[in-house]
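structure.pdb follows (PDB, C-alpha atoms):
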ATOM      1  CA  MET A 963       3.886  23.230 -14.393
ATOM      2  CA  GLY A 964       3.483  26.049 -11.926
ATOM      3  CA  TYR A 965       1.879  25.434  -8.556
ATOM      4  CA  THR A 966       0.443  28.609  -7.091
ATOM      5  CA  ASP A 967      -1.156  28.295  -3.687
ATOM      6  CA  ALA A 968      -4.766  29.436  -3.735
ATOM      7  CA  PRO A 969      -5.868  32.203  -1.372
ATOM      8  CA  ASP A 970      -7.043  31.100   2.075
ATOM      9  CA  GLY A 971     -10.587  29.783   1.976
ATOM     10  CA  TRP A 972     -10.697  29.582  -1.825
ATOM     11  CA  TRP A 973     -11.067  25.803  -1.556
ATOM     12  CA  ARG A 974     -14.572  26.130  -0.078
ATOM     13  CA  GLU A 975     -15.719  28.317  -2.960
ATOM     14  CA  PHE A 976     -14.179  25.823  -5.403
ATOM     15  CA  VAL A 977     -15.853  22.831  -3.758
ATOM     16  CA  LEU A 978     -19.227  24.609  -3.688
ATOM     17  CA  ALA A 979     -19.062  25.955  -7.254
ATOM     18  CA  SER A 980     -22.080  25.416  -9.473
ATOM     19  CA  PRO A 981     -22.616  23.253 -11.477
ATOM     20  CA  ALA A 982     -21.404  20.796  -8.861
ATOM     21  CA  ARG A 983     -18.132  19.033  -9.550
ATOM     22  CA  THR A 984     -17.695  15.422  -8.491
ATOM     23  CA  ALA A 985     -15.080  14.600  -5.876
ATOM     24  CA  LYS A 986     -12.615  11.862  -6.624
ATOM     25  CA  LEU A 987     -12.304   9.768  -3.485
ATOM     26  CA  ALA A 988      -9.160   7.733  -2.816
ATOM     27  CA  VAL A 989      -9.043   4.902  -0.298
ATOM     28  CA  VAL A 990      -6.616   2.055   0.312
ATOM     29  CA  ARG A 991      -7.733  -1.469  -0.579
ATOM     30  CA  ALA A 992      -7.221  -4.484   1.678
ATOM     31  CA  ASP A 993      -4.102  -5.435  -0.285
ATOM     32  CA  GLY A 994      -2.537  -2.001   0.334
ATOM     33  CA  SER A 995      -3.058  -0.631  -3.178
ATOM     34  CA  PRO A 996      -4.877   2.655  -3.838
ATOM     35  CA  HIS A 997      -8.337   3.020  -5.370
ATOM     36  CA  VAL A 998      -9.972   6.190  -6.707
ATOM     37  CA  ALA A 999     -13.537   6.750  -7.925
ATOM     38  CA  PRO A1000     -15.951   9.698  -8.159
ATOM     39  CA  VAL A1001     -18.509  10.549  -5.486
ATOM     40  CA  TRP A1002     -21.187  13.216  -5.173
ATOM     41  CA  ALA A1003     -20.308  15.431  -2.219
ATOM     42  CA  ASP A1004     -21.300  18.563  -0.349
ATOM     43  CA  LEU A1005     -19.898  20.702   2.444
ATOM     44  CA  ASP A1006     -21.282  20.968   5.958
ATOM     45  CA  GLY A1007     -19.242  23.728   7.537
ATOM     46  CA  ASP A1008     -15.694  22.608   6.803
ATOM     47  CA  GLU A1009     -16.591  18.922   6.650
ATOM     48  CA  ILE A1010     -17.026  17.097   3.357
ATOM     49  CA  VAL A1011     -20.075  14.840   3.268
ATOM     50  CA  PHE A1012     -20.806  12.138   0.703
ATOM     51  CA  MET A1013     -22.580   8.794   0.502
ATOM     52  CA  THR A1014     -21.325   5.413  -0.500
ATOM     53  CA  SER A1015     -22.388   1.852   0.055
ATOM     54  CA  ALA A1016     -20.750  -0.226   2.776
ATOM     55  CA  ASP A1017     -20.227  -3.020   0.248
ATOM     56  CA  THR A1018     -18.245  -1.015  -2.328
ATOM     57  CA  ILE A1019     -14.452  -0.766  -2.458
ATOM     58  CA  LYS A1020     -14.897   2.825  -1.233
ATOM     59  CA  GLY A1021     -17.102   1.874   1.699
ATOM     60  CA  LYS A1022     -15.072  -1.148   2.724
ATOM     61  CA  GLY A1023     -11.885   0.901   2.540
ATOM     62  CA  ILE A1024     -13.290   3.614   4.815
ATOM     63  CA  LEU A1025     -14.632   1.086   7.321
ATOM     64  CA  ARG A1026     -11.184  -0.538   7.426
ATOM     65  CA  ASP A1027      -9.161   2.716   7.661
ATOM     66  CA  PRO A1028     -10.869   6.113   8.009
ATOM     67  CA  ARG A1029      -8.067   8.029   6.295
ATOM     68  CA  VAL A1030      -9.201   9.264   2.867
ATOM     69  CA  SER A1031      -8.154  11.742   0.199
ATOM     70  CA  LEU A1032     -10.571  13.742  -1.968
ATOM     71  CA  CYS A1033      -9.732  15.703  -5.108
ATOM     72  CA  GLY A1034     -11.707  18.071  -7.290
ATOM     73  CA  ASP A1035     -10.282  19.953 -10.244
ATOM     74  CA  ASP A1036     -11.016  22.400 -13.018
ATOM     75  CA  GLU A1037      -9.989  20.477 -16.139
ATOM     76  CA  ARG A1038      -9.807  23.549 -18.372
ATOM     77  CA  PRO A1039      -6.656  25.646 -18.843
ATOM     78  CA  PRO A1040      -5.060  27.061 -16.777
ATOM     79  CA  PHE A1041      -6.198  24.222 -14.439
ATOM     80  CA  SER A1042      -6.827  24.361 -10.692
ATOM     81  CA  PHE A1043      -7.381  21.727  -8.061
ATOM     82  CA  VAL A1044      -8.101  21.010  -4.428
ATOM     83  CA  THR A1045      -6.930  17.890  -2.610
ATOM     84  CA  ILE A1046      -8.229  17.257   0.896
ATOM     85  CA  ALA A1047      -6.780  14.635   3.217
ATOM     86  CA  GLY A1048      -9.008  13.817   6.123
ATOM     87  CA  THR A1049     -10.508  11.370   8.535
ATOM     88  CA  ALA A1050     -13.926   9.842   7.872
ATOM     89  CA  THR A1051     -16.743   8.889  10.188
ATOM     90  CA  THR A1052     -19.778   6.973   8.927
ATOM     91  CA  SER A1053     -23.443   6.873   9.819
ATOM     92  CA  ALA A1054     -26.259   4.528   8.819
ATOM     93  CA  ASP A1055     -28.862   6.529  10.756
ATOM     94  CA  PRO A1056     -32.081   6.571   8.646
ATOM     95  CA  ASP A1057     -32.739  10.280   9.203
ATOM     96  CA  GLU A1058     -29.197  11.215   8.214
ATOM     97  CA  LEU A1059     -29.352   8.950   5.167
ATOM     98  CA  LEU A1060     -32.591  10.560   4.012
ATOM     99  CA  ALA A1061     -31.438  14.114   4.692
ATOM    100  CA  TRP A1062     -28.118  13.750   2.891
ATOM    101  CA  ALA A1063     -29.450  11.660   0.008
ATOM    102  CA  THR A1064     -31.984  14.424  -0.625
ATOM    103  CA  ARG A1065     -29.506  17.254  -0.300
ATOM    104  CA  ILE A1066     -26.765  15.654  -2.382
ATOM    105  CA  GLY A1067     -29.190  14.310  -4.999
ATOM    106  CA  GLY A1068     -30.601  17.810  -5.339
ATOM    107  CA  ARG A1069     -27.173  19.341  -5.659
ATOM    108  CA  TYR A1070     -26.147  17.118  -8.575
ATOM    109  CA  MET A1071     -29.449  16.396 -10.316
ATOM    110  CA  GLY A1072     -31.586  19.427  -9.473
ATOM    111  CA  ALA A1073     -34.123  20.002  -6.715
ATOM    112  CA  ASP A1074     -36.918  18.389  -8.716
ATOM    113  CA  GLN A1075     -34.976  15.106  -8.840
ATOM    114  CA  ALA A1076     -33.834  15.091  -5.204
ATOM    115  CA  ALA A1077     -36.649  12.852  -3.962
ATOM    116  CA  VAL A1078     -35.906  10.249  -6.663
ATOM    117  CA  TYR A1079     -32.297   9.992  -5.546
ATOM    118  CA  ALA A1080     -33.245  10.024  -1.885
ATOM    119  CA  ARG A1081     -35.544   7.027  -2.392
ATOM    120  CA  ARG A1082     -32.751   5.204  -4.182
ATOM    121  CA  ASN A1083     -29.946   5.951  -1.698
ATOM    122  CA  ALA A1084     -31.512   6.486   1.727
ATOM    123  CA  ALA A1085     -31.298   2.888   2.953
ATOM    124  CA  PRO A1086     -28.620   0.440   4.090
ATOM    125  CA  PRO A1087     -26.048  -0.569   2.967
ATOM    126  CA  GLU A1088     -25.642   3.125   2.063
ATOM    127  CA  LEU A1089     -23.622   5.190   4.511
ATOM    128  CA  VAL A1090     -23.303   8.900   5.131
ATOM    129  CA  VAL A1091     -19.576   9.625   5.235
ATOM    130  CA  ARG A1092     -18.354  12.803   6.907
ATOM    131  CA  VAL A1093     -14.716  13.826   6.429
ATOM    132  CA  THR A1094     -12.896  16.172   8.771
ATOM    133  CA  PRO A1095     -10.015  17.718   6.802
ATOM    134  CA  THR A1096      -6.513  17.299   8.189
ATOM    135  CA  ARG A1097      -4.662  18.837   5.208
ATOM    136  CA  ILE A1098      -6.004  20.972   2.364
ATOM    137  CA  THR A1099      -3.942  21.608  -0.762
ATOM    138  CA  ALA A1100      -5.399  24.142  -3.199
ATOM    139  CA  LYS A1101      -3.529  25.211  -6.328
ATOM    140  CA  VAL A1102      -4.690  27.660  -8.945
ATOM    141  CA  ASP A1103      -3.556  28.280 -12.500
ATOM    142  CA  VAL A1104      -1.285  25.253 -12.538
ATOM    143  CA  ALA A1105      -0.318  25.781 -16.187
ATOM    144  CA  ASN A1106       0.832  29.375 -15.763
TER     145      ASN A1106
ATOM    146  CA  MET B 894     -27.227   5.455  -8.448
ATOM    147  CA  GLY B 895     -27.129   3.065 -11.340
ATOM    148  CA  TYR B 896     -23.892   1.520 -12.472
ATOM    149  CA  THR B 897     -24.051   0.408 -16.061
ATOM    150  CA  ASP B 898     -20.952  -1.240 -17.417
ATOM    151  CA  ALA B 899     -19.637   0.570 -20.455
ATOM    152  CA  PRO B 900     -19.213  -1.322 -23.726
ATOM    153  CA  ASP B 901     -15.865  -3.045 -24.242
ATOM    154  CA  GLY B 902     -13.182  -0.622 -25.300
ATOM    155  CA  TRP B 903     -15.264   2.466 -24.495
ATOM    156  CA  TRP B 904     -12.713   3.424 -21.836
ATOM    157  CA  ARG B 905     -10.071   4.207 -24.464
ATOM    158  CA  GLU B 906     -12.400   6.551 -26.323
ATOM    159  CA  PHE B 907     -13.304   8.205 -22.999
ATOM    160  CA  VAL B 908      -9.665   8.642 -21.977
ATOM    161  CA  LEU B 909      -8.745  10.056 -25.399
ATOM    162  CA  ALA B 910     -11.742  12.411 -25.674
ATOM    163  CA  SER B 911     -11.073  16.015 -26.647
ATOM    164  CA  PRO B 912     -10.738  18.430 -24.893
ATOM    165  CA  ALA B 913      -8.434  16.319 -22.757
ATOM    166  CA  ARG B 914      -9.651  15.423 -19.288
ATOM    167  CA  THR B 915      -7.186  15.236 -16.425
ATOM    168  CA  ALA B 916      -6.608  11.912 -14.709
ATOM    169  CA  LYS B 917      -6.870  11.776 -10.950
ATOM    170  CA  LEU B 918      -3.938   9.679  -9.730
ATOM    171  CA  ALA B 919      -4.134   7.876  -6.395
ATOM    172  CA  VAL B 920      -1.068   6.564  -4.607
ATOM    173  CA  VAL B 921      -0.413   5.405  -1.055
ATOM    174  CA  ARG B 922       1.696   7.616   1.201
ATOM    175  CA  ALA B 923       4.502   6.323   3.437
ATOM    176  CA  ASP B 924       2.106   6.318   6.415
ATOM    177  CA  GLY B 925      -0.363   4.066   4.556
ATOM    178  CA  SER B 926      -2.963   6.760   3.845
ATOM    179  CA  PRO B 927      -4.223   7.466   0.317
ATOM    180  CA  HIS B 928      -3.411  10.564  -1.764
ATOM    181  CA  VAL B 929      -5.105  11.743  -4.947
ATOM    182  CA  ALA B 930      -4.180  14.601  -7.284
ATOM    183  CA  PRO B 931      -4.669  15.424 -10.973
ATOM    184  CA  VAL B 932      -2.133  14.605 -13.684
ATOM    185  CA  TRP B 933      -1.981  15.205 -17.414
ATOM    186  CA  ALA B 934      -1.989  11.868 -19.167
ATOM    187  CA  ASP B 935      -2.106  10.191 -22.556
ATOM    188  CA  LEU B 936      -2.450   6.687 -23.910
ATOM    189  CA  ASP B 937       0.267   4.662 -25.624
ATOM    190  CA  GLY B 938      -1.514   1.567 -26.846
ATOM    191  CA  ASP B 939      -3.283   0.396 -23.703
ATOM    192  CA  GLU B 940      -0.748   1.957 -21.337
ATOM    193  CA  ILE B 941      -1.440   5.230 -19.554
ATOM    194  CA  VAL B 942       1.511   7.621 -19.606
ATOM    195  CA  PHE B 943       1.945  10.720 -17.457
ATOM    196  CA  MET B 944       4.729  12.735 -15.876
ATOM    197  CA  THR B 945       5.374  13.642 -12.295
ATOM    198  CA  SER B 946       8.342  14.735 -10.272
ATOM    199  CA  ALA B 947      10.262  12.197  -8.181
ATOM    200  CA  ASP B 948      10.055  14.579  -5.217
ATOM    201  CA  THR B 949       6.255  14.929  -5.108
ATOM    202  CA  ILE B 950       3.911  12.783  -3.011
ATOM    203  CA  LYS B 951       2.824  11.184  -6.298
ATOM    204  CA  GLY B 952       6.372  10.422  -7.431
ATOM    205  CA  LYS B 953       7.582   9.195  -4.061
ATOM    206  CA  GLY B 954       4.522   6.999  -3.719
ATOM    207  CA  ILE B 955       5.104   5.347  -7.100
ATOM    208  CA  LEU B 956       8.809   4.799  -6.420
ATOM    209  CA  ARG B 957       7.874   3.131  -3.098
ATOM    210  CA  ASP B 958       5.005   0.986  -4.473
ATOM    211  CA  PRO B 959       4.219   0.829  -8.207
ATOM    212  CA  ARG B 960       0.526   0.081  -7.704
ATOM    213  CA  VAL B 961      -1.593   3.073  -8.693
ATOM    214  CA  SER B 962      -5.200   3.922  -9.490
ATOM    215  CA  LEU B 963      -6.293   6.491 -12.088
ATOM    216  CA  CYS B 964      -9.766   7.959 -12.524
ATOM    217  CA  GLY B 965     -11.329  10.210 -15.118
ATOM    218  CA  ASP B 966     -14.972  11.210 -15.182
ATOM    219  CA  ASP B 967     -17.635  13.166 -16.996
ATOM    220  CA  GLU B 968     -18.971  15.485 -14.294
ATOM    221  CA  ARG B 969     -22.177  16.334 -16.151
ATOM    222  CA  PRO B 970     -25.419  14.372 -15.802
ATOM    223  CA  PRO B 971     -25.885  11.482 -16.334
ATOM    224  CA  PHE B 972     -22.214  11.039 -15.267
ATOM    225  CA  SER B 973     -19.712   8.447 -16.453
ATOM    226  CA  PHE B 974     -16.310   7.399 -15.234
ATOM    227  CA  VAL B 975     -13.317   5.162 -15.796
ATOM    228  CA  THR B 976     -11.087   3.862 -13.010
ATOM    229  CA  ILE B 977      -7.914   2.043 -13.962
ATOM    230  CA  ALA B 978      -5.825   0.071 -11.484
ATOM    231  CA  GLY B 979      -2.358  -0.697 -12.728
ATOM    232  CA  THR B 980       1.331  -1.106 -12.175
ATOM    233  CA  ALA B 981       3.706   1.753 -12.908
ATOM    234  CA  THR B 982       7.212   1.820 -14.284
ATOM    235  CA  THR B 983       9.257   5.021 -14.368
ATOM    236  CA  SER B 984      11.895   6.466 -16.661
ATOM    237  CA  ALA B 985      14.199   9.461 -16.336
ATOM    238  CA  ASP B 986      15.676   8.939 -19.797
ATOM    239  CA  PRO B 987      16.200  12.404 -21.360
ATOM    240  CA  ASP B 988      14.777  11.416 -24.753
ATOM    241  CA  GLU B 989      11.662   9.917 -23.181
ATOM    242  CA  LEU B 990      11.214  12.960 -20.935
ATOM    243  CA  LEU B 991      11.410  15.301 -23.916
ATOM    244  CA  ALA B 992       9.132  13.219 -26.119
ATOM    245  CA  TRP B 993       6.403  12.818 -23.505
ATOM    246  CA  ALA B 994       6.605  16.348 -22.126
ATOM    247  CA  THR B 995       6.078  17.600 -25.670
ATOM    248  CA  ARG B 996       3.260  15.201 -26.465
ATOM    249  CA  ILE B 997       1.398  15.663 -23.177
ATOM    250  CA  GLY B 998       1.943  19.437 -23.084
ATOM    251  CA  GLY B 999       0.531  19.639 -26.587
ATOM    252  CA  ARG B1000      -2.450  17.508 -25.670
ATOM    253  CA  TYR B1001      -3.495  19.749 -22.776
ATOM    254  CA  MET B1002      -2.286  23.201 -23.876
ATOM    255  CA  GLY B1003      -2.325  22.984 -27.660
ATOM    256  CA  ALA B1004       0.399  22.165 -30.166
ATOM    257  CA  ASP B1005       1.685  25.746 -30.185
ATOM    258  CA  GLN B1006       2.435  25.540 -26.439
ATOM    259  CA  ALA B1007       3.962  22.065 -26.433
ATOM    260  CA  ALA B1008       7.569  23.284 -26.618
ATOM    261  CA  VAL B1009       7.050  25.614 -23.647
ATOM    262  CA  TYR B1010       5.850  22.726 -21.499
ATOM    263  CA  ALA B1011       8.532  20.415 -22.762
ATOM    264  CA  ARG B1012      11.253  22.890 -21.717
ATOM    265  CA  ARG B1013       9.677  23.129 -18.286
ATOM    266  CA  ASN B1014       9.175  19.416 -17.657
ATOM    267  CA  ALA B1015      11.784  17.515 -19.652
ATOM    268  CA  ALA B1016      14.477  17.328 -16.951
ATOM    269  CA  PRO B1017      15.047  15.514 -13.657
ATOM    270  CA  PRO B1018      13.524  15.175 -11.131
ATOM    271  CA  GLU B1019      10.633  14.708 -13.584
ATOM    272  CA  LEU B1020       9.792  11.119 -14.448
ATOM    273  CA  VAL B1021       7.846   9.527 -17.267
ATOM    274  CA  VAL B1022       5.417   7.112 -15.626
ATOM    275  CA  ARG B1023       3.899   4.295 -17.681
ATOM    276  CA  VAL B1024       1.007   2.340 -16.208
ATOM    277  CA  THR B1025       0.049  -1.130 -17.391
ATOM    278  CA  PRO B1026      -3.633  -1.654 -16.507
ATOM    279  CA  THR B1027      -4.511  -4.641 -14.347
ATOM    280  CA  ARG B1028      -8.219  -3.780 -13.877
ATOM    281  CA  ILE B1029     -10.401  -1.324 -15.796
ATOM    282  CA  THR B1030     -13.799  -0.239 -14.467
ATOM    283  CA  ALA B1031     -15.899   1.850 -16.860
ATOM    284  CA  LYS B1032     -19.426   2.955 -15.964
ATOM    285  CA  VAL B1033     -21.757   5.045 -18.075
ATOM    286  CA  ASP B1034     -24.882   6.999 -17.201
ATOM    287  CA  VAL B1035     -24.417   6.486 -13.471
ATOM    288  CA  ALA B1036     -27.441   8.654 -12.616
ATOM    289  CA  ASN B1037     -29.888   6.746 -14.811
TER     290      ASN B1037
END

As structure tokens, how would this structure be written, given the file I've shared?
Amino acid sequence: MGYTDAPDGWWREFVLASPARTAKLAVVRADGSPHVAPVWADLDGDEIVFMTSADTIKGKGILRDPRVSLCGDDERPPFSFVTIAGTATTSADPDELLAWATRIGGRYMGADQAAVYARRNAAPPELVVRVTPTRITAKVDVAN
Amino acid sequence: MGYTDAPDGWWREFVLASPARTAKLAVVRADGSPHVAPVWADLDGDEIVFMTSADTIKGKGILRDPRVSLCGDDERPPFSFVTIAGTATTSADPDELLAWATRIGGRYMGADQAAVYARRNAAPPELVVRVTPTRITAKVDVAN
């Protein structure tokens, strides 16, 4: 397959595209093996923000080691993807939980459903996870 | 979000759905951090088969530690996903490379393009990677 680097900054447009794609979050488990699962995410400047519960494999992995990898892709030919390696910080602050649960719920389910998702996700053990990118790989038209 | 376990065996149907989804492959880098990127994949019985190059982060990770995680998801509401943890074996056998490059190229680009992709991918340092699942997580209608 071909791997053409995307233009500078294209990754932000890709991450913010509508309808919202899920991000596939990879963490390392306690036994040193990898784990990947989808999360709902949004951008705040150049930081990726998502929520997960402190008692999931994702949450426990991040609390153990803040290094994560996130991937989003266009699954239709000619295929494109972004992979972001970064360092996570977490917050269980009630105001942050409510603000991000509302914003992210609205992004994925529509503004009219945002409050439903906020009520469901804006409480411990949920965490707001904020990832500062350390390496961004963005490839377009992989099949060309 | 809700996490409803999918019916037994649903994961195979999901993985084999058409048009073909990409799998997001997670491996662990030499420094112990996770890495995730998309791959084209297919099923052979219950084994997941994909190709990657021995000189990529993906390939080097697998050659260092055969434990991998693969995730595919439906990014539309109400959202569903499969995550498969497993153990990888690799092959650089020319006949296997040609057979799988043809089959996987055809799956993602159409039968008429399979030979093009086979010519491109059926030679070292490409590897055929075969993953035997050790744990399959399949969740449907996550947003319900």

Subject >> Output of the PyMOL selection byres ((chain A) within 8 of (chain B)), listed as a ChimeraX atom specification >> reply: /A:963,982-984,986-990,994-1000,1029-1033,1035,1037,1039,1043,1045,1047,1070-1071,1079,1082-1083

Original post:
Residues picked by the PyMOL selection byres ((chain A and resi 1025) around 12) here, as a PyMOL selection string?
Top reply: chain A and resi 989-992+1014-1024+1026-1030+1049-1053+1089-1091

Subject >> the PyMOL selection byres ((chain A and resi 1056) around 12) applied to the shown file, residues as a VMD selection string >> reply: chain A and resid 1053 to 1055 1057 to 1063 1080 to 1081 1083 to 1090

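Here atom CA of A:Asp1004 and atom CA of A:Ala1076 stand 13.9 Å from one another.
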
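Put simply, atom CA of A:Asp967 is 25.5 Å away from atom CA of A:Arg1092.
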
How big is the axis-aligned box around all listed atoms of stretch 995-1011 of chain A once 5 Å goes on each side, and where's its centre, in Å to one decimal, as AutoDock Vina command-line options?
--center_x -12.2 --center_y 11.5 --center_z -0.3 --size_x 28.2 --size_y 34.4 --size_z 25.7

**OP:** Could you pull out every residue with an atom within 8 Å of (-15.9, -0.5, -18.7), file coordinates, counting only C-alpha atoms, and send them as a PyMOL selection string?
**Re:** chain B and resi 898-904+975+1029-1032

Original post:
Which distance in Å separates atom CA of A:Thr1094 and atom CA of A:Ala979, to one decimal?
Top reply: 19.8 Å
